[in-house]
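Enquirer: What follows is model06.cif, made up of mmCIF, C-alpha atoms:
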```cif
data_my_file
#
loop_
_atom_site.group_PDB
_atom_site.id
_atom_site.type_symbol
_atom_site.label_atom_id
_atom_site.label_comp_id
_atom_site.auth_asym_id
_atom_site.auth_seq_id
_atom_site.Cartn_x
_atom_site.Cartn_y
_atom_site.Cartn_z
ATOM 1 C CA MET A 1 74.248 130.082 74.832
ATOM 2 C CA ASN A 2 77.151 128.104 73.472
ATOM 3 C CA GLY A 3 76.725 125.440 76.166
ATOM 4 C CA MET A 4 73.111 124.734 75.195
ATOM 5 C CA SER A 5 72.066 121.975 72.954
ATOM 6 C CA LEU A 6 70.232 122.567 69.725
ATOM 7 C CA LYS A 7 67.031 121.254 71.295
ATOM 8 C CA GLU A 8 67.273 123.728 74.219
ATOM 9 C CA LYS A 9 67.940 126.577 71.795
ATOM 10 C CA ALA A 10 64.865 125.586 69.763
ATOM 11 C CA VAL A 11 62.693 125.478 72.911
ATOM 12 C CA LEU A 12 63.957 128.922 73.977
ATOM 13 C CA ALA A 13 63.327 130.290 70.479
ATOM 14 C CA VAL A 14 59.774 128.900 70.452
ATOM 15 C CA LEU A 15 59.214 130.250 73.973
ATOM 16 C CA GLY A 16 60.530 133.671 72.868
ATOM 17 C CA VAL A 17 58.209 133.698 69.859
ATOM 18 C CA VAL A 18 55.228 132.701 72.056
ATOM 19 C CA VAL A 19 56.067 135.516 74.526
ATOM 20 C CA LEU A 20 56.349 138.016 71.650
ATOM 21 C CA TYR A 21 52.990 136.870 70.275
ATOM 22 C CA ALA A 22 51.439 137.174 73.747
ATOM 23 C CA VAL A 23 52.805 140.729 74.080
ATOM 24 C CA ALA A 24 51.524 141.599 70.570
ATOM 25 C CA VAL A 25 48.063 140.210 71.393
ATOM 26 C CA ALA A 26 47.957 142.105 74.711
ATOM 27 C CA LEU A 27 48.928 145.376 72.978
ATOM 28 C CA TRP A 28 46.327 144.747 70.290
ATOM 29 C CA PHE A 29 43.590 144.190 72.892
ATOM 30 C CA VAL A 30 44.583 147.342 74.793
ATOM 31 C CA SER A 31 44.498 149.451 71.625
ATOM 32 C CA GLN A 32 41.209 147.865 70.562
ATOM 33 C CA ARG A 33 39.693 148.589 73.969
ATOM 34 C CA ASP A 34 40.422 152.314 73.475
ATOM 35 C CA ALA A 35 38.985 152.181 69.959
ATOM 36 C CA TRP A 36 35.942 150.339 71.312
ATOM 37 C CA ARG A 37 35.385 153.051 73.958
ATOM 38 C CA LYS A 38 35.712 155.754 71.302
ATOM 39 C CA ALA A 39 33.292 153.940 68.989
ATOM 40 C CA SER A 40 30.899 153.381 71.897
ATOM 41 C CA ARG A 41 30.882 157.114 72.702
ATOM 42 C CA ALA A 42 30.313 157.966 69.034
ATOM 43 C CA TYR A 43 27.451 155.451 68.902
ATOM 44 C CA GLU A 44 25.824 156.926 72.032
ATOM 45 C CA LEU A 45 26.134 160.435 70.571
ATOM 46 C CA ALA A 46 24.582 159.274 67.291
ATOM 47 C CA CYS A 47 21.727 157.605 69.221
ATOM 48 C CA SER A 48 21.025 160.766 71.213
ATOM 49 C CA ASN A 49 21.135 162.881 68.011
ATOM 50 C CA TYR A 50 18.763 160.436 66.345
ATOM 51 C CA ALA A 51 16.350 160.571 69.292
ATOM 52 C CA SER A 52 16.500 164.383 69.300
ATOM 53 C CA GLU A 53 15.832 164.555 65.557
ATOM 54 C CA CYS A 54 12.935 162.097 65.882
ATOM 55 C CA ARG A 55 11.467 164.282 68.625
ATOM 56 C CA LEU A 56 11.802 167.386 66.428
ATOM 57 C CA ILE A 57 10.238 165.603 63.461
ATOM 58 C CA SER A 58 7.337 164.492 65.635
ATOM 59 C CA GLU A 59 6.815 168.162 66.616
ATOM 60 C CA LYS A 60 6.742 169.333 63.003
ATOM 61 C CA LYS A 61 3.090 170.380 63.135
ATOM 62 C CA ARG A 62 3.672 172.427 66.273
ATOM 63 C CA TRP A 63 6.682 174.207 64.687
ATOM 64 C CA ASN A 64 4.747 174.872 61.486
ATOM 65 C CA ASP A 65 1.832 176.287 63.503
ATOM 66 C CA MET A 66 4.202 178.544 65.449
ATOM 67 C CA TYR A 67 5.804 179.666 62.185
ATOM 68 C CA GLU A 68 2.430 180.500 60.652
ATOM 69 C CA GLU A 69 1.425 182.407 63.794
ATOM 70 C CA GLU A 70 4.612 184.509 63.712
ATOM 71 C CA LYS A 71 4.249 184.964 59.958
ATOM 72 C CA SER A 72 0.732 186.345 60.456
ATOM 73 C CA LEU A 73 2.133 188.961 62.862
ATOM 74 C CA MET A 74 4.733 190.132 60.356
ATOM 75 C CA PRO A 75 3.960 193.406 58.579
ATOM 76 C CA MET A 76 2.916 192.978 54.920
ATOM 77 C CA PHE A 77 3.577 195.502 52.192
ATOM 78 C CA ALA A 78 2.510 195.621 48.569
ATOM 79 C CA PHE A 79 5.007 194.354 46.044
ATOM 80 C CA GLY A 80 7.254 197.177 44.833
ATOM 81 C CA LYS A 81 6.152 199.667 47.513
ATOM 82 C CA ASP A 82 8.945 201.631 49.197
ATOM 83 C CA VAL A 83 8.990 200.805 52.878
ATOM 84 C CA ASP A 84 12.052 202.704 54.021
ATOM 85 C CA THR A 85 10.197 205.912 54.927
ATOM 86 C CA GLN A 86 7.681 203.980 57.011
ATOM 87 C CA TRP A 87 10.417 202.125 58.937
ATOM 88 C CA LEU A 88 12.418 205.316 59.433
ATOM 89 C CA GLN A 89 9.308 207.078 60.750
ATOM 90 C CA LYS A 90 8.487 204.246 63.170
ATOM 91 C CA THR A 91 12.088 204.223 64.397
ATOM 92 C CA ASP A 92 11.946 207.984 64.987
ATOM 93 C CA GLU A 93 8.637 207.694 66.846
ATOM 94 C CA ILE A 94 9.907 204.954 69.154
ATOM 95 C CA ALA A 95 13.149 206.885 69.754
ATOM 96 C CA ALA A 96 11.221 210.072 70.585
ATOM 97 C CA ARG A 97 8.927 208.227 73.023
ATOM 98 C CA ASN A 98 12.022 206.948 74.816
ATOM 99 C CA PHE A 99 14.002 210.211 74.738
ATOM 100 C CA ILE A 100 16.672 209.008 72.328
ATOM 101 C CA GLN A 101 17.885 211.651 69.897
ATOM 102 C CA ILE A 102 19.202 210.338 66.594
ATOM 103 C CA ALA A 103 21.365 212.803 64.658
ATOM 104 C CA SER A 104 21.181 210.941 61.355
ATOM 105 C CA ARG A 105 19.825 207.673 60.091
ATOM 106 C CA GLN A 106 20.057 205.905 56.784
ATOM 107 C CA ASN A 107 18.528 202.780 55.430
ATOM 108 C CA GLY A 108 20.449 200.097 53.629
ATOM 109 C CA LYS A 109 19.415 197.828 50.790
ATOM 110 C CA GLU A 110 16.497 195.445 51.177
ATOM 111 C CA VAL A 111 17.818 191.947 51.867
ATOM 112 C CA SER A 112 15.882 188.751 51.217
ATOM 113 C CA ALA A 113 16.029 186.059 53.902
ATOM 114 C CA GLY A 114 13.728 183.388 52.486
ATOM 115 C CA GLU A 115 10.133 184.621 52.556
ATOM 116 C CA VAL A 116 11.111 187.476 54.849
ATOM 117 C CA LEU A 117 12.630 190.739 53.695
ATOM 118 C CA GLU A 118 14.911 192.755 55.943
ATOM 119 C CA LEU A 119 15.794 196.427 55.783
ATOM 120 C CA PRO A 120 18.814 197.556 57.815
ATOM 121 C CA ILE A 121 18.660 201.055 59.295
ATOM 122 C CA THR A 122 21.793 202.679 60.675
ATOM 123 C CA GLY A 123 21.337 205.298 63.365
ATOM 124 C CA ASN A 124 24.441 207.467 63.611
ATOM 125 C CA GLY A 125 25.068 209.884 66.428
ATOM 126 C CA TRP A 126 22.265 208.858 68.761
ATOM 127 C CA GLU A 127 22.337 210.303 72.262
ATOM 128 C CA GLY A 128 20.425 209.462 75.425
ATOM 129 C CA SER A 129 20.686 208.137 78.955
ATOM 130 C CA LEU A 130 21.318 204.479 79.689
ATOM 131 C CA ASP A 131 17.775 204.133 81.033
ATOM 132 C CA SER A 132 16.355 205.646 77.830
ATOM 133 C CA LEU A 133 18.528 203.365 75.706
ATOM 134 C CA VAL A 134 17.305 200.260 77.531
ATOM 135 C CA LYS A 135 13.669 201.355 77.181
ATOM 136 C CA PHE A 136 14.215 202.149 73.481
ATOM 137 C CA MET A 137 15.750 198.737 72.816
ATOM 138 C CA TYR A 138 13.036 196.964 74.813
ATOM 139 C CA GLU A 139 10.251 198.737 72.939
ATOM 140 C CA LEU A 140 11.868 197.907 69.597
ATOM 141 C CA GLU A 141 12.018 194.225 70.523
ATOM 142 C CA THR A 142 8.465 194.026 71.924
ATOM 143 C CA THR A 143 6.441 196.515 69.889
ATOM 144 C CA GLY A 144 3.465 195.448 67.841
ATOM 145 C CA GLU A 145 4.219 198.147 65.253
ATOM 146 C CA GLY A 146 6.717 195.979 63.411
ATOM 147 C CA MET A 147 9.472 193.427 63.803
ATOM 148 C CA PHE A 148 12.762 195.029 64.762
ATOM 149 C CA ASP A 149 16.098 193.568 65.772
ATOM 150 C CA ILE A 150 19.121 195.519 66.936
ATOM 151 C CA SER A 151 21.924 193.738 65.134
ATOM 152 C CA ALA A 152 24.765 196.046 66.231
ATOM 153 C CA ILE A 153 25.211 198.814 68.754
ATOM 154 C CA ASN A 154 28.165 200.743 70.105
ATOM 155 C CA PHE A 155 28.280 203.635 72.498
ATOM 156 C CA LYS A 156 30.553 205.709 74.680
ATOM 157 C CA PRO A 157 30.054 208.420 77.286
ATOM 158 C CA GLY A 158 28.483 211.523 75.812
ATOM 159 C CA SER A 159 29.399 215.166 76.329
ATOM 160 C CA LYS A 160 26.555 215.615 78.840
ATOM 161 C CA LYS A 161 26.887 213.978 82.235
ATOM 162 C CA GLY A 162 24.976 210.677 82.435
ATOM 163 C CA PHE A 163 24.385 210.497 78.680
ATOM 164 C CA LEU A 164 25.693 208.069 76.112
ATOM 165 C CA LYS A 165 26.237 208.528 72.402
ATOM 166 C CA GLY A 166 26.970 206.101 69.627
ATOM 167 C CA ASN A 167 25.670 204.227 66.596
ATOM 168 C CA PHE A 168 23.336 201.297 66.048
ATOM 169 C CA THR A 169 22.140 199.093 63.244
ATOM 170 C CA LEU A 170 18.506 198.097 63.355
ATOM 171 C CA THR A 171 17.009 195.396 61.137
ATOM 172 C CA CYS A 172 13.324 195.693 60.203
ATOM 173 C CA ALA A 173 11.624 192.494 59.048
ATOM 174 C CA TYR A 174 8.543 192.368 56.798
ATOM 175 C CA MET A 175 6.967 190.476 53.929
ATOM 176 C CA ARG A 176 5.611 191.377 50.521
ATOM 177 C CA GLU A 177 2.152 190.398 49.286
#
```
Can you turn what I pasted into structure tokens?
Expert:
Amino acid sequence: MNGMSLKEKAVLAVLGVVVLYAVAVALWFVSQRDAWRKASRAYELACSNYASECRLISEKKRWNDMYEEEKSLMPMFAFGKDVDTQWLQKTDEIAARNFIQIASRQNGKEVSAGEVLELPITGNGWEGSLDSLVKFMYELETTGEGMFDISAINFKPGSKKGFLKGNFTLTCAYMRE
């Protein structure tokens, strides 16, 4: 570098600065391209969410009609009336029809879920075959005698061969007048 003139050094310095700027611009474009792809994916996701929400909004009447239909099927009880004995009796009847023996059952506190009220029933020490259990659960889910949902169940092999025993939590849904 000592043998170069001041003019040559200035040209090399300018050339070096131009190369550095070119590298900086290239790096900027590469990083912006990745950001552009990410933004493009986010935009496409937002567009698909928007289209899905517009479709759901356009189906509002259908969803409201379905809600009203299901609501009309829900059992109604008078305000203040105890419903636990009725739900316990229905549970016992369905269990007996399906050969499930329940040693003890207890109801929990009535829980409000919007317009719907739910009463949890815990069945402790039930016993029956796997086939009976499946039929019991199916009848609970499909019966017209009420709206039931098995929210928890556990079981293990019973003392009798081919039988199971365990506990379950059943949620009964209803409305008040």
Enquirer: Neighbours of Cys172 (chain A) within 8 Å (all atoms listed in the file; same-chain residues fewer than 5 positions away dropped), as a list in words?
Expert: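 Near neighbours after the sequence-gap exclusion: Trp87, Glu118, Leu119, Pro120, Ile121, Gly146, Met147, Phe148 and Asp149 of chain A.
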Enquirer: With distances taken over all atoms listed in the file, which of A:Lys165, A:Lys38, A:Arg33, A:Lys81 is nearest to Ile102 (chain A)?
Expert: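 Answer, going by the shortest atom-to-atom distance: A:Lys165.
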Enquirer: Can you list what the PyMOL selection byres ((chain A and resi 114) around 12) grabs from this structure, as a ChimeraX atom specification?
Expert: /A:111-113,115-118,173-176
Enquirer: Just give me the gap between CA of Ala95 (chain A) and CA of Ser72 (chain A) in Å, one decimal is fine.
Expert: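 Spanning CA of Ala95 (chain A) to CA of Ser72 (chain A) is a straight-line distance of 25.7 Å.
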Enquirer: Apply the PyMOL selection byres ((chain A and resi 168) around 12) to the file shown and report the selected residues as a PyMOL selection string.
Expert: chain A and resi 91+100+102-107+120-127+133+136-137+149-155+165-167+169-171
Enquirer: Expressed in Å to a single decimal, how great is the separation between CA of Phe77 (chain A) and CA of Gly108 (chain A)?
Expert: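 One can read the CA of Phe77 (chain A) to CA of Gly108 (chain A) distance as 17.5 Å.
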Enquirer: Can you tell me how far CA of Phe163 (chain A) sits from CA of Thr85 (chain A), in Å to one decimal?
Expert: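 Distance between the two atoms: 28.0 Å.
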Enquirer: Can you give me, as a PyMOL selection string, the residues this file yields under the PyMOL selection byres ((chain A and resi 162) around 10)?
Expert: chain A and resi 128-131+157-161+163-164
Enquirer: Enclose all atoms of region 90-103 of chain A listed in the file in an axis-aligned box, grow every side by 8 Å, and hand back centre and edge lengths in Å to one decimal, as JSON.
Expert:
```
{"center_x": 14.9, "center_y": 208.5, "center_z": 69.0, "size_x": 28.9, "size_y": 24.6, "size_z": 27.6}
```
Enquirer: I need the residue nearest Asn98 (chain A) from this list: A:Asp82, A:Glu70, A:Glu139, A:Ser58. Use only C-alpha atoms for the distance.
Expert: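 Under the stated criterion, the closest residue is A:Glu139.
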